[in-house]
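Trainee: Sharing a structure here in structure tokens format.
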Amino acid sequence: MSAVPLARQNPVRAMADFYLTTMRTQVQTQFQYRAATYMYLVGMVAEPVIYLVVWTTIAKQQGGFIQGISVGEFAAYYIVWTLVRNMNIVFTPYGWEWRIREGELSAALLRPLHPIHYDIAQFAGGKLIWVVLYLPIAAALALIFDPVLSVTALEACVFFVAIWGAYLIRTMLLWLLGMVTFWTTRGSAIFETYIMAELLLSGRLVPLPLMPDWSQTLAGFLPFQWAFYFPIQTLVGELSAAELVGGLGMQVLWIAVGSFLVWVCFRASVSRYTAVGN
Amino acid sequence: MSVVDVRELTKVFRVPEREAGLRASMRALFRRRHREVRAVDGISFAIDSGEVVGFLGPNGAGKTTTLKMLSGLLFPTAGEARVLGFVPSRRERNFLRQITLVMGNRNQLQWDLPALDSFELNRAIYRVGHEDFRRLRDELIELLDVGDLVRKPVRNLSLGERMKVEIVGSLVHRPQVLFLDEPTIGLDVTMQKRIRTFIAEYNRRYEATVLLTSHYMADVEALCRRVVMIHQGRIRFDGPLARLGEQFAGYKTIEVALADGGADLSRYGDVLEREGDRVKLRVEKAETSRVAALLLSEQEVIDLTIEDPPIEDVIELVFAEAAE
């Protein structure tokens, strides 16, 4: 052994290496809890199945359509919804409270890397497993609910990009909410309010066209739909190539806005960090 | 050149406070009361490259708060700190790559995976080249003799085993400055000794600078020539460990083994202990030689030793003095 300085990798390669290593580590962790992960996924299907049963029942009572959406289209919407929901599960404000209390944030702040990179890489690794595990569930849902879905190659490609865009948008949003924990120890209370807004304005509870005009207008100014409705529509909707590309552009815009706000707020937040007791 | 340079460093926490009970709870809804706690109160010291310094103090003295400020976790309220020329609170990457903070009661490894996977993750986080990483990791594993532990999931390790692999994980980027906050807490004597030996060896091989807090005086005596003592946020002593006794303890202990174990020695000094034919006396430092000579001439002495008081006792004295 000697005190000769260690060779450091170049920054770009090092970042790619970090993401791959963290994702690999997370995949290994998920493998440790295969059964638990599967049960969690099965539990997650409850929410869309409830929506699906309610809306298909109403649609059938109204002659098979609600505002032009057929029973089969509802089925397609909520089956794709579940996949999108899997993709946009991110670190929540509940997690922030826990990681501050347990000292995990202190450990993260000691690393020579913005902590958001670790969160993004870690959850991205988990998704590789969740999505694979979800596919049989999606197949079962398709058999039961008979969705109407016709997908072009372009739509499939845009969908693949859009679900990662959705993931990043929601990561930024919930990071911003999570950082409230630096000001109050119960930031998760605000998260509950956020969830309500997201349910109504993202297409999570119902497809946006079923919402009143004013709420659709309001949704147009907010980021929620780009994390739910847009990625679902890339497969389910009849979007033109321009709309698909425009949608990806909106995702990029919201990711940029979110990244900037996270950067600014994080700088202000860490100066308040007290790390008491850990 | 100083690796750690601290000047008038201060940290004040604003903590909410209220009486117990429902009435106080209701009152707090409308009028919140806060109290300012000066956890660290204008401390100054410097540590040179390669020094191992013991940072001592009772619980709540401000040790951990200081370490957190020096590692960039906490922003100081006032004063200045520099570590390796960096201002820690700016949390620059080049700074964070060169330090580590090990906290004895914290787990920073992946709980469900073997420690080897966490080491690999740390390699990627600290941008260490694969070859350097493998060499250093294997050397650290060998030094701490944890070869058979690093393949087990961390959750299956005992506290002591976990601490050892935790230390390896904290050092795979080969930091130049180590902030060690009670690294041997809760460990058995053998494990404590192993970790002490390891820290000494790491310091020797890499000329690393170490600031260590510990409640175990064995750690301090084995590793630190110099100690900084802090109490109620202020530094009470900064100097060689050996000078601590000289400065603060105005007495020495004389242990005698007598042919007549029952003899009354209270006229020579305070009798601290009596066990069989052995008696331990406390005498004023200036009187030590005279009392020893008297004992030898007036009693049938089989054996006599003069010692400085135990370091624990001296430290207790310093803190008691500071509290008054």
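Chain identifiers are assigned as A, B, and so on, following the order in which chains appear in the structure tokens; residues are numbered from 1 within each chain, and ligands are numbered from 1 in order of appearance.
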Give me, as a PyMOL selection string, the residues of chain B touching chain A, with the criterion being at most 6 Å (counting only C-alpha atoms).
Mentor: chain B and resi 75+93+96-97+124-125+127-129+206
Trainee: So that I can check the secondary structure, give me every residue of region 43-97 of chain A assigned helix (DSSP H, G or I) by backbone DSSP, as number ranges by chain.
Mentor: A: 43-44, 46-61, 71-87, 93-97
Trainee: Which residues, written as a ChimeraX atom specification, have at least one atom at most 9 Å from Tyr94 (chain A), with only C-alpha atoms counted and residues fewer than 3 positions away on the same chain left out?
Mentor: /A:91,97-99,178,186-188,191
Trainee: Please save C-alpha atoms of the selected residues as a PDB file, in the first residue's frame.
Mentor:
ATOM      1  CA  PHE A  91     -39.206   8.328  -3.551  1.00  0.00           C
ATOM      2  CA  GLU A  97     -39.177  11.728   6.800  1.00  0.00           C
ATOM      3  CA  TRP A  98     -37.790   8.250   7.293  1.00  0.00           C
ATOM      4  CA  ARG A  99     -34.416   8.940   5.779  1.00  0.00           C
ATOM      5  CA  GLY A 178     -39.965  15.882   0.065  1.00  0.00           C
ATOM      6  CA  ARG A 186     -44.441  16.237   8.758  1.00  0.00           C
ATOM      7  CA  GLY A 187     -44.015  17.000   5.081  1.00  0.00           C
ATOM      8  CA  SER A 188     -46.101  13.962   4.216  1.00  0.00           C
ATOM      9  CA  PHE A 191     -48.151  15.008   0.092  1.00  0.00           C
TER      10      PHE A 191
END
Trainee: Tell me which protein, DNA and RNA residues are within 7 Å of Glu307 (chain B), counting only C-alpha atoms, leaving out same-chain ones fewer than 3 positions away, and put them as a ChimeraX atom specification.
Mentor: /B:252-254
Trainee: Quick one: of A:Glu243, A:Val131, A:Leu253, A:Thr92, who's nearest to Glu192 (chain A), counting only C-alpha atoms?
Mentor: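 Result for the nearest residue to Glu192 (chain A): A:Thr92.
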Trainee: Write out as a ChimeraX atom specification which residues come within 10 Å of Val220 (chain B) when counting only C-alpha atoms, dropping same-chain ones fewer than 3 positions away.
Mentor: /B:52-56,196,212-217,223-227,241,311
Trainee: Find the residues near Asn88 (chain A): any atom within 8 Å, counting only C-alpha atoms, skip ones fewer than 2 places away on the same chain, and give them as a ChimeraX atom specification.
Mentor: /A:84-86,90,163,166-168,170-171,227
Trainee: Counting only C-alpha atoms, what is within 8 Å of Ala78 (chain B), bar same-chain residues fewer than 6 positions away, as a PyMOL selection string?
Mentor: chain B and resi 8-11+42
Trainee: Mind giving me the straight-line distance from CA of Ala162 (chain A) to CA of Pro231 (chain A) in Å, one decimal?
Mentor: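 Spanning CA of Ala162 (chain A) to CA of Pro231 (chain A) is a straight-line distance of 5.3 Å.
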Trainee: Counting only C-alpha atoms, which residue out of B:Thr305, B:Asn107, B:Gln192, B:Ser89 sits closest to Ala293 (chain B)?
Mentor: B:Thr305
Trainee: Would you work out the distance separating CA of Met179 (chain A) from CA of Leu70 (chain B), expressed in Å to one decimal?
Mentor: 23.2 Å
Trainee: Pull the strand (DSSP E) assignments for region 14-208 of chain A out of DSSP run on the backbone, and list those residues as a ChimeraX atom specification.
Mentor: /A:65-66,69-70
Trainee: Restricting the output to C-alpha atoms, write the selected residues as a PDB file, in the first residue's frame.
Mentor:
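The resulting file, result.pdb, is reproduced below:
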ATOM      1  CA  PHE A  65     -69.654   4.448 -24.524  1.00  0.00           C
ATOM      2  CA  ILE A  66     -68.947   7.385 -22.213  1.00  0.00           C
ATOM      3  CA  ILE A  69     -64.740   6.117 -25.008  1.00  0.00           C
ATOM      4  CA  SER A  70     -65.724   2.469 -25.433  1.00  0.00           C
TER       5      SER A  70
END
